[in-house]
file my_file_28.cif (mmCIF, C-alpha atoms)
data_model
#
loop_
_atom_site.group_PDB
_atom_site.id
_atom_site.type_symbol
_atom_site.label_atom_id
_atom_site.label_comp_id
_atom_site.auth_asym_id
_atom_site.auth_seq_id
_atom_site.Cartn_x
_atom_site.Cartn_y
_atom_site.Cartn_z
ATOM 1 C CA MET A 1 -124.234 192.845 197.722
ATOM 2 C CA VAL A 2 -124.384 196.522 198.651
ATOM 3 C CA HIS A 3 -125.033 195.638 202.297
ATOM 4 C CA ALA A 4 -122.019 193.314 202.311
ATOM 5 C CA MET A 5 -119.768 196.019 200.888
ATOM 6 C CA VAL A 6 -120.998 198.539 203.451
ATOM 7 C CA PHE A 7 -120.341 196.037 206.263
ATOM 8 C CA LEU A 8 -116.816 195.373 205.001
ATOM 9 C CA PHE A 9 -116.158 199.115 204.727
ATOM 10 C CA ILE A 10 -117.240 199.592 208.359
ATOM 11 C CA LEU A 11 -114.942 196.778 209.486
ATOM 12 C CA VAL A 12 -111.970 198.173 207.578
ATOM 13 C CA THR A 13 -112.657 201.655 208.944
ATOM 14 C CA GLN A 14 -112.827 200.360 212.516
ATOM 15 C CA VAL A 15 -109.620 198.356 212.183
ATOM 16 C CA SER A 16 -107.742 201.223 210.558
ATOM 17 C CA ALA A 17 -108.818 203.487 213.430
ATOM 18 C CA TYR A 18 -106.472 201.478 215.623
ATOM 19 C CA ARG A 19 -102.804 201.570 214.755
ATOM 20 C CA LEU A 20 -100.486 198.678 215.447
ATOM 21 C CA CYS A 21 -98.408 198.899 218.592
ATOM 22 C CA PRO A 22 -94.612 199.093 218.287
ATOM 23 C CA LYS A 23 -92.501 196.047 219.047
ATOM 24 C CA CYS A 24 -91.656 195.277 222.651
ATOM 25 C CA SER A 25 -87.914 194.831 222.283
ATOM 26 C CA LYS A 26 -87.860 192.366 219.352
ATOM 27 C CA THR A 27 -91.354 190.946 219.951
ATOM 28 C CA LYS A 28 -94.165 192.015 217.628
ATOM 29 C CA VAL A 29 -97.458 193.116 219.177
ATOM 30 C CA PRO A 30 -100.148 192.025 216.701
ATOM 31 C CA TYR A 31 -103.590 193.606 216.521
ATOM 32 C CA PRO A 32 -105.848 193.626 218.544
ATOM 33 C CA LEU A 33 -103.336 193.396 221.415
ATOM 34 C CA SER A 34 -102.555 196.787 222.901
ATOM 35 C CA THR A 35 -99.595 198.013 224.942
ATOM 36 C CA ASP A 36 -100.791 201.631 224.982
ATOM 37 C CA GLU A 37 -104.037 203.579 224.880
ATOM 38 C CA ASN A 38 -103.102 204.916 221.446
ATOM 39 C CA CYS A 39 -102.504 201.600 219.662
ATOM 40 C CA GLY A 40 -104.247 198.288 219.197
ATOM 41 C CA ASP A 41 -107.631 197.743 220.845
ATOM 42 C CA PRO A 42 -107.509 198.925 224.479
ATOM 43 C CA ARG A 43 -109.797 196.059 225.552
ATOM 44 C CA TYR A 44 -106.933 193.685 224.729
ATOM 45 C CA ARG A 45 -104.402 195.306 227.016
ATOM 46 C CA ILE A 46 -101.013 193.720 227.614
ATOM 47 C CA TYR A 47 -97.853 195.399 228.899
ATOM 48 C CA CYS A 48 -94.314 196.059 227.731
ATOM 49 C CA ASN A 49 -92.341 196.268 230.966
ATOM 50 C CA GLU A 50 -88.602 196.810 230.572
ATOM 51 C CA ASP A 51 -88.645 195.251 227.086
ATOM 52 C CA VAL A 52 -90.583 192.181 228.302
ATOM 53 C CA LEU A 53 -94.103 191.561 226.999
ATOM 54 C CA GLU A 54 -96.413 190.663 229.894
ATOM 55 C CA PHE A 55 -100.043 189.798 230.649
ATOM 56 C CA MET A 56 -101.698 191.086 233.813
ATOM 57 C CA SER A 57 -103.991 188.835 235.855
ATOM 58 C CA ALA A 58 -107.154 189.983 237.612
ATOM 59 C CA GLN A 59 -105.113 190.241 240.830
ATOM 60 C CA GLY A 60 -102.648 192.626 239.195
ATOM 61 C CA SER A 61 -99.715 190.226 238.874
ATOM 62 C CA PHE A 62 -97.665 190.185 235.682
ATOM 63 C CA HIS A 63 -96.892 187.040 233.688
ATOM 64 C CA LYS A 64 -94.280 186.947 230.939
ATOM 65 C CA ILE A 65 -95.759 186.243 227.499
ATOM 66 C CA LEU A 66 -93.790 183.399 225.915
ATOM 67 C CA SER A 67 -95.463 183.425 222.495
ATOM 68 C CA VAL A 68 -98.316 184.991 220.541
ATOM 69 C CA ASP A 69 -100.283 183.363 217.711
ATOM 70 C CA PRO A 70 -102.482 186.096 216.177
ATOM 71 C CA LYS A 71 -103.990 183.732 213.587
ATOM 72 C CA ALA A 72 -105.335 181.471 216.340
ATOM 73 C CA ASN A 73 -106.127 184.361 218.727
ATOM 74 C CA LYS A 74 -103.905 182.810 221.376
ATOM 75 C CA LEU A 75 -100.953 183.659 223.570
ATOM 76 C CA VAL A 76 -98.946 181.623 226.072
ATOM 77 C CA ILE A 77 -97.819 182.972 229.437
ATOM 78 C CA LYS A 78 -95.156 181.605 231.745
ATOM 79 C CA PRO A 79 -96.431 179.479 234.663
ATOM 80 C CA PRO A 80 -95.594 180.639 238.198
ATOM 81 C CA SER A 81 -92.390 179.447 239.812
ATOM 82 C CA ILE A 82 -92.573 176.812 242.560
ATOM 83 C CA ASP A 83 -90.581 177.257 245.750
ATOM 84 C CA LEU A 84 -88.362 174.208 246.282
ATOM 85 C CA ASP A 85 -88.539 174.388 250.068
ATOM 86 C CA THR A 86 -92.305 174.709 250.486
ATOM 87 C CA CYS A 87 -93.859 173.422 247.235
ATOM 88 C CA TYR A 88 -95.783 176.701 247.051
ATOM 89 C CA SER A 89 -96.511 178.485 243.769
ATOM 90 C CA SER A 90 -95.295 182.077 243.661
ATOM 91 C CA ASP A 91 -98.930 183.219 243.275
ATOM 92 C CA LEU A 92 -100.290 181.121 246.157
ATOM 93 C CA ASP A 93 -101.056 184.237 248.203
ATOM 94 C CA GLN A 94 -103.280 185.382 245.319
ATOM 95 C CA GLY A 95 -105.100 182.046 245.088
ATOM 96 C CA GLY A 96 -103.452 181.106 241.795
ATOM 97 C CA LEU A 97 -104.256 182.567 238.399
ATOM 98 C CA SER A 98 -107.483 184.503 237.810
ATOM 99 C CA LEU A 99 -108.484 186.382 234.665
ATOM 100 C CA ASP A 100 -110.781 189.390 234.611
ATOM 101 C CA GLU A 101 -114.056 187.983 233.266
ATOM 102 C CA SER A 102 -115.026 191.357 231.815
ATOM 103 C CA LEU A 103 -112.085 191.160 229.389
ATOM 104 C CA PRO A 104 -112.015 189.067 226.166
ATOM 105 C CA PHE A 105 -109.399 186.560 227.440
ATOM 106 C CA ASN A 106 -109.911 183.059 228.821
ATOM 107 C CA ILE A 107 -107.853 179.967 229.592
ATOM 108 C CA SER A 108 -107.935 177.636 226.590
ATOM 109 C CA LYS A 109 -108.839 173.940 226.607
ATOM 110 C CA SER A 110 -105.351 173.008 225.382
ATOM 111 C CA ASN A 111 -103.883 173.234 228.896
ATOM 112 C CA THR A 112 -102.971 170.235 231.024
ATOM 113 C CA VAL A 113 -102.818 171.520 234.596
ATOM 114 C CA MET A 114 -100.770 169.748 237.272
ATOM 115 C CA LEU A 115 -101.519 170.365 240.951
ATOM 116 C CA PHE A 116 -99.119 169.605 243.802
ATOM 117 C CA ASN A 117 -99.064 169.287 247.582
ATOM 118 C CA CYS A 118 -102.799 168.595 247.641
ATOM 119 C CA SER A 119 -105.021 167.607 250.551
ATOM 120 C CA ASP A 120 -106.740 164.222 250.547
ATOM 121 C CA ASN A 121 -110.031 165.906 249.650
ATOM 122 C CA ILE A 122 -108.884 166.098 246.041
ATOM 123 C CA LEU A 123 -109.209 162.324 245.790
ATOM 124 C CA LEU A 124 -112.985 162.860 245.687
ATOM 125 C CA SER A 125 -112.573 164.764 242.407
ATOM 126 C CA PRO A 126 -112.405 163.207 238.917
ATOM 127 C CA LEU A 127 -108.789 164.365 238.485
ATOM 128 C CA ASN A 128 -106.024 161.881 237.716
ATOM 129 C CA CYS A 129 -104.136 161.497 240.998
ATOM 130 C CA SER A 130 -102.766 158.049 240.256
ATOM 131 C CA SER A 131 -99.151 156.942 240.113
ATOM 132 C CA SER A 132 -99.347 157.342 236.320
ATOM 133 C CA SER A 133 -100.277 161.028 236.506
ATOM 134 C CA PHE A 134 -98.058 163.383 234.495
ATOM 135 C CA CYS A 135 -97.343 165.261 237.709
ATOM 136 C CA ARG A 136 -95.117 162.394 238.893
ATOM 137 C CA GLU A 137 -92.765 163.018 235.986
ATOM 138 C CA PHE A 138 -92.621 166.728 236.784
ATOM 139 C CA GLU A 139 -91.701 165.929 240.403
ATOM 140 C CA GLU A 140 -88.537 164.298 239.126
ATOM 141 C CA SER A 141 -87.474 167.479 237.315
ATOM 142 C CA GLY A 142 -85.484 170.363 238.781
ATOM 143 C CA GLU A 143 -88.329 172.738 239.593
ATOM 144 C CA GLY A 144 -90.748 170.014 240.630
ATOM 145 C CA CYS A 145 -88.418 168.173 242.983
ATOM 146 C CA GLY A 146 -89.546 170.295 245.921
ATOM 147 C CA CYS A 147 -92.990 168.699 245.591
ATOM 148 C CA ARG A 148 -91.701 165.136 245.406
ATOM 149 C CA GLY A 149 -93.764 162.756 247.509
ATOM 150 C CA THR A 150 -96.765 165.079 247.856
ATOM 151 C CA LEU A 151 -100.232 164.195 246.600
ATOM 152 C CA CYS A 152 -100.426 165.505 243.041
ATOM 153 C CA CYS A 153 -102.913 165.287 240.188
ATOM 154 C CA HIS A 154 -103.410 166.457 236.636
ATOM 155 C CA PHE A 155 -106.383 167.408 234.497
ATOM 156 C CA LEU A 156 -107.126 168.784 231.056
ATOM 157 C CA LYS A 157 -109.009 172.065 231.079
ATOM 158 C CA ASP A 158 -112.414 171.573 229.454
ATOM 159 C CA SER A 159 -115.681 173.416 228.921
ATOM 160 C CA SER A 160 -117.207 172.107 232.155
ATOM 161 C CA MET A 161 -114.625 174.023 234.215
ATOM 162 C CA THR A 162 -114.177 177.723 234.763
ATOM 163 C CA SER A 163 -112.131 179.150 231.933
ATOM 164 C CA HIS A 164 -110.939 182.109 233.985
ATOM 165 C CA ARG A 165 -109.149 180.531 236.930
ATOM 166 C CA ILE A 166 -106.569 177.993 238.096
ATOM 167 C CA ARG A 167 -106.959 177.823 241.855
ATOM 168 C CA VAL A 168 -104.430 176.967 244.563
ATOM 169 C CA ARG A 169 -104.742 177.469 248.310
ATOM 170 C CA VAL A 170 -103.404 176.237 251.631
ATOM 171 C CA GLY A 171 -105.630 173.324 252.628
ATOM 172 C CA GLY A 172 -106.185 172.429 248.988
ATOM 173 C CA CYS A 173 -103.294 172.282 246.521
ATOM 174 C CA THR A 174 -100.481 174.765 247.062
ATOM 175 C CA ALA A 175 -98.683 174.641 243.705
ATOM 176 C CA TYR A 176 -99.372 174.149 240.029
ATOM 177 C CA THR A 177 -97.820 174.238 236.614
ATOM 178 C CA CYS A 178 -99.207 173.818 233.137
ATOM 179 C CA VAL A 179 -98.320 172.266 229.784
ATOM 180 C CA VAL A 180 -99.831 173.287 226.438
ATOM 181 C CA ASP A 181 -100.983 170.564 224.014
ATOM 182 C CA LYS A 182 -99.657 167.702 226.141
ATOM 183 C CA GLN A 183 -99.691 164.469 224.164
ATOM 184 C CA ALA A 184 -99.935 161.034 225.786
ATOM 185 C CA ASP A 185 -96.810 159.887 223.927
ATOM 186 C CA ASP A 186 -94.705 162.864 225.114
ATOM 187 C CA ASP A 187 -92.500 160.627 227.223
ATOM 188 C CA SER A 188 -89.636 163.066 227.649
ATOM 189 C CA ILE A 189 -90.324 166.038 229.903
ATOM 190 C CA GLU A 190 -87.858 167.996 227.750
ATOM 191 C CA SER A 191 -90.464 167.905 224.963
ATOM 192 C CA TRP A 192 -93.247 169.386 227.103
ATOM 193 C CA ASN A 193 -94.392 172.884 226.182
ATOM 194 C CA PHE A 194 -94.621 174.527 229.612
ATOM 195 C CA GLY A 195 -96.943 177.523 229.653
ATOM 196 C CA ILE A 196 -100.549 178.591 230.159
ATOM 197 C CA GLU A 197 -102.343 179.170 226.885
ATOM 198 C CA LEU A 198 -104.882 181.994 226.828
ATOM 199 C CA GLN A 199 -107.217 182.705 223.958
ATOM 200 C CA TRP A 200 -109.058 185.893 223.112
ATOM 201 C CA LEU A 201 -112.344 186.598 221.403
ATOM 202 C CA PRO A 202 -111.917 188.456 218.110
ATOM 203 C CA PRO A 203 -112.888 192.131 218.334
ATOM 204 C CA PHE A 204 -115.520 191.919 215.570
#
call {"tool": "encode", "arguments": {"input": "my_file_28.cif", "output": "structure tokens"}}
result
Amino acid sequence: MVHAMVFLFILVTQVSAYRLCPKCSKTKVPYPLSTDENCGDPRYRIYCNEDVLEFMSAQGSFHKILSVDPKANKLVIKPPSIDLDTCYSSDLDQGGLSLDESLPFNISKSNTVMLFNCSDNILLSPLNCSSSSFCREFEESGEGCGCRGTLCCHFLKDSSMTSHRIRVRVGGCTAYTCVVDKQADDDSIESWNFGIELQWLPPF
């Protein structure tokens, strides 16, 4: 009992040593996320840039944070834009999204990733590249129409894949987007929750 109380005291002391960060505009920054060296836990660094809360990739690019769920240790970032003329993701020159593996963030298994403008080599993969793939519906939408008619596929992120990267490249697939918690009966694209869900390991 005494050991348990001592352990709890240490935890409370460690948490109280970090103060909560101020809001970024109207968006709360829950612990352990940190927008400054003097608040939150600096290992969980995010950024408040011109009143917009953002997450920085391993390549140094910033992604707008769409939502934060501190109870689930998760946040959702905005997917890259797709150029209508080329069907290239805006982060193609960086190889897509990469997370710093030394930090406590990873890409969650709730993401359905859609790849566009792919080479035929992708047909050797276990991805769904059939005419019933979700990516076909996205191609009919405004942002996806620039990829219409290209070879596209979708897959659900799982534990057998790297949880720190979504890769695109010339000669492979040149564009991607992502939907969180995609359900098979989500027939209307308007109901899709576009975003890339990241999760973080708790600090203790």
call {"tool": "atom_distance", "arguments": {"input": "my_file_28.cif", "atom1": "atom CA of Ala175 of chain A", "atom2": "atom CA of Ile122 of chain A"}}
result
13.5 Å
call {"tool": "resolve_selection", "arguments": {"input": "my_file_28.cif", "expression": "the PyMOL selection byres ((chain A and resi 37-40) around 10)", "output": "list in words"}}
result
Val15, Ser16, Ala17, Tyr18, Arg19, Leu20, Cys21, Pro22, Val29, Pro30, Tyr31, Pro32, Leu33, Ser34, Thr35, Asp36, Asp41, Pro42, Arg43, Tyr44 and Arg45 of chain A
call {"tool": "write_last_selection", "arguments": {"input": "my_file_28.cif", "atoms": "C-alpha atoms", "output": "PDB file, in the frame of the given file"}}
result
ATOM      1  CA  VAL A  15    -109.620 198.356 212.183  1.00  0.00           C
ATOM      2  CA  SER A  16    -107.742 201.223 210.558  1.00  0.00           C
ATOM      3  CA  ALA A  17    -108.818 203.487 213.430  1.00  0.00           C
ATOM      4  CA  TYR A  18    -106.472 201.478 215.623  1.00  0.00           C
ATOM      5  CA  ARG A  19    -102.804 201.570 214.755  1.00  0.00           C
ATOM      6  CA  LEU A  20    -100.486 198.678 215.447  1.00  0.00           C
ATOM      7  CA  CYS A  21     -98.408 198.899 218.592  1.00  0.00           C
ATOM      8  CA  PRO A  22     -94.612 199.093 218.287  1.00  0.00           C
ATOM      9  CA  VAL A  29     -97.458 193.116 219.177  1.00  0.00           C
ATOM     10  CA  PRO A  30    -100.148 192.025 216.701  1.00  0.00           C
ATOM     11  CA  TYR A  31    -103.590 193.606 216.521  1.00  0.00           C
ATOM     12  CA  PRO A  32    -105.848 193.626 218.544  1.00  0.00           C
ATOM     13  CA  LEU A  33    -103.336 193.396 221.415  1.00  0.00           C
ATOM     14  CA  SER A  34    -102.555 196.787 222.901  1.00  0.00           C
ATOM     15  CA  THR A  35     -99.595 198.013 224.942  1.00  0.00           C
ATOM     16  CA  ASP A  36    -100.791 201.631 224.982  1.00  0.00           C
ATOM     17  CA  ASP A  41    -107.631 197.743 220.845  1.00  0.00           C
ATOM     18  CA  PRO A  42    -107.509 198.925 224.479  1.00  0.00           C
ATOM     19  CA  ARG A  43    -109.797 196.059 225.552  1.00  0.00           C
ATOM     20  CA  TYR A  44    -106.933 193.685 224.729  1.00  0.00           C
ATOM     21  CA  ARG A  45    -104.402 195.306 227.016  1.00  0.00           C
TER      22      ARG A  45
END
call {"tool": "atom_distance", "arguments": {"input": "my_file_28.cif", "atom1": "atom CA of Lys71 of chain A", "atom2": "atom CA of Glu190 of chain A"}}
result
26.6 Å
call {"tool": "residues_around", "arguments": {"input": "my_file_28.cif", "residues": "Pro126 of chain A", "least_positions_apart": "2", "cutoff": "10 Å", "atoms": "all atoms listed in the file", "output": "list in words"}}
result
Ile122, Leu123, Leu124, Asn128, Cys129, Cys153, His154 and Phe155 of chain A
call {"tool": "write_last_selection", "arguments": {"input": "my_file_28.cif", "atoms": "C-alpha atoms", "output": "JSON list (two decimals), in the frame of the given file"}}
result
[["chain", "number", "residue", "atom", "x", "y", "z"],
["A", 122, "ILE", "CA", -108.88, 166.10, 246.04],
["A", 123, "LEU", "CA", -109.21, 162.32, 245.79],
["A", 124, "LEU", "CA", -112.98, 162.86, 245.69],
["A", 128, "ASN", "CA", -106.02, 161.88, 237.72],
["A", 129, "CYS", "CA", -104.14, 161.50, 241.00],
["A", 153, "CYS", "CA", -102.91, 165.29, 240.19],
["A", 154, "HIS", "CA", -103.41, 166.46, 236.64],
["A", 155, "PHE", "CA", -106.38, 167.41, 234.50]]
call {"tool": "atom_distance", "arguments": {"input": "my_file_28.cif", "atom1": "atom CA of Val170 of chain A", "atom2": "atom CA of Glu139 of chain A"}}
result
19.2 Å
call {"tool": "closest_residue", "arguments": {"input": "my_file_28.cif", "among": "A:Thr177, A:Ser67, A:Ser133, A:Ser61", "to": "Pro80 of chain A", "atoms": "all atoms listed in the file"}}
result
A:Thr177
call {"tool": "resolve_selection", "arguments": {"input": "my_file_28.cif", "expression": "the PyMOL selection byres ((chain A and resi 108-116) around 6)", "output": "list in words"}}
result
Ile107, Asn117, Cys118, Cys135, Cys152, Cys153, His154, Phe155, Leu156, Lys157, Asp158, Cys173, Ala175, Tyr176, Thr177, Cys178, Val179, Val180, Asp181, Glu197, Leu198 and Gln199 of chain A
call {"tool": "axis_aligned_box", "arguments": {"input": "my_file_28.cif", "around": "segment 152-167 of chain A", "padding_each_side": "5 Å", "output": "JSON"}}
result
{"center_x": -108.8, "center_y": 173.7, "center_z": 236.0, "size_x": 26.8, "size_y": 26.8, "size_z": 24.1}
call {"tool": "residues_around", "arguments": {"input": "my_file_28.cif", "residues": "Arg169 of chain A", "least_positions_apart": "3", "cutoff": "7 Å", "atoms": "all atoms listed in the file", "output": "PyMOL selection string"}}
result
chain A and resi 92+95+172-174
call {"tool": "resolve_selection", "arguments": {"input": "my_file_28.cif", "expression": "the PyMOL selection byres ((chain A and resi 51-58) around 9)", "output": "ChimeraX atom specification"}}
result
/A:23-27,29,35,45-50,59-66,77,97-101
call {"tool": "residues_around", "arguments": {"input": "my_file_28.cif", "residues": "Cys147 of chain A", "least_positions_apart": "3", "cutoff": "6 Å", "atoms": "only C-alpha atoms", "output": "mmCIF file with C-alpha atoms, in the coordinates of the input"}}
result
data_model
loop_
_atom_site.group_PDB
_atom_site.id
_atom_site.type_symbol
_atom_site.label_atom_id
_atom_site.label_comp_id
_atom_site.auth_asym_id
_atom_site.auth_seq_id
_atom_site.Cartn_x
_atom_site.Cartn_y
_atom_site.Cartn_z
ATOM 1 C CA CYS A 87 -93.859 173.422 247.235
ATOM 2 C CA GLY A 144 -90.748 170.014 240.630
ATOM 3 C CA THR A 150 -96.765 165.079 247.856
#
call {"tool": "residues_around", "arguments": {"input": "my_file_28.cif", "residues": "Gly142 of chain A", "least_positions_apart": "3", "cutoff": "12 Å", "atoms": "all atoms listed in the file", "output": "mmCIF file with C-alpha atoms, in the coordinates of the input"}}
result
data_model
loop_
_atom_site.group_PDB
_atom_site.id
_atom_site.type_symbol
_atom_site.label_atom_id
_atom_site.label_comp_id
_atom_site.auth_asym_id
_atom_site.auth_seq_id
_atom_site.Cartn_x
_atom_site.Cartn_y
_atom_site.Cartn_z
ATOM 1 C CA SER A 81 -92.390 179.447 239.812
ATOM 2 C CA ILE A 82 -92.573 176.812 242.560
ATOM 3 C CA ASP A 83 -90.581 177.257 245.750
ATOM 4 C CA LEU A 84 -88.362 174.208 246.282
ATOM 5 C CA GLU A 137 -92.765 163.018 235.986
ATOM 6 C CA PHE A 138 -92.621 166.728 236.784
ATOM 7 C CA GLU A 139 -91.701 165.929 240.403
ATOM 8 C CA CYS A 145 -88.418 168.173 242.983
ATOM 9 C CA GLY A 146 -89.546 170.295 245.921
ATOM 10 C CA CYS A 147 -92.990 168.699 245.591
ATOM 11 C CA ARG A 148 -91.701 165.136 245.406
ATOM 12 C CA ILE A 189 -90.324 166.038 229.903
ATOM 13 C CA GLU A 190 -87.858 167.996 227.750
#
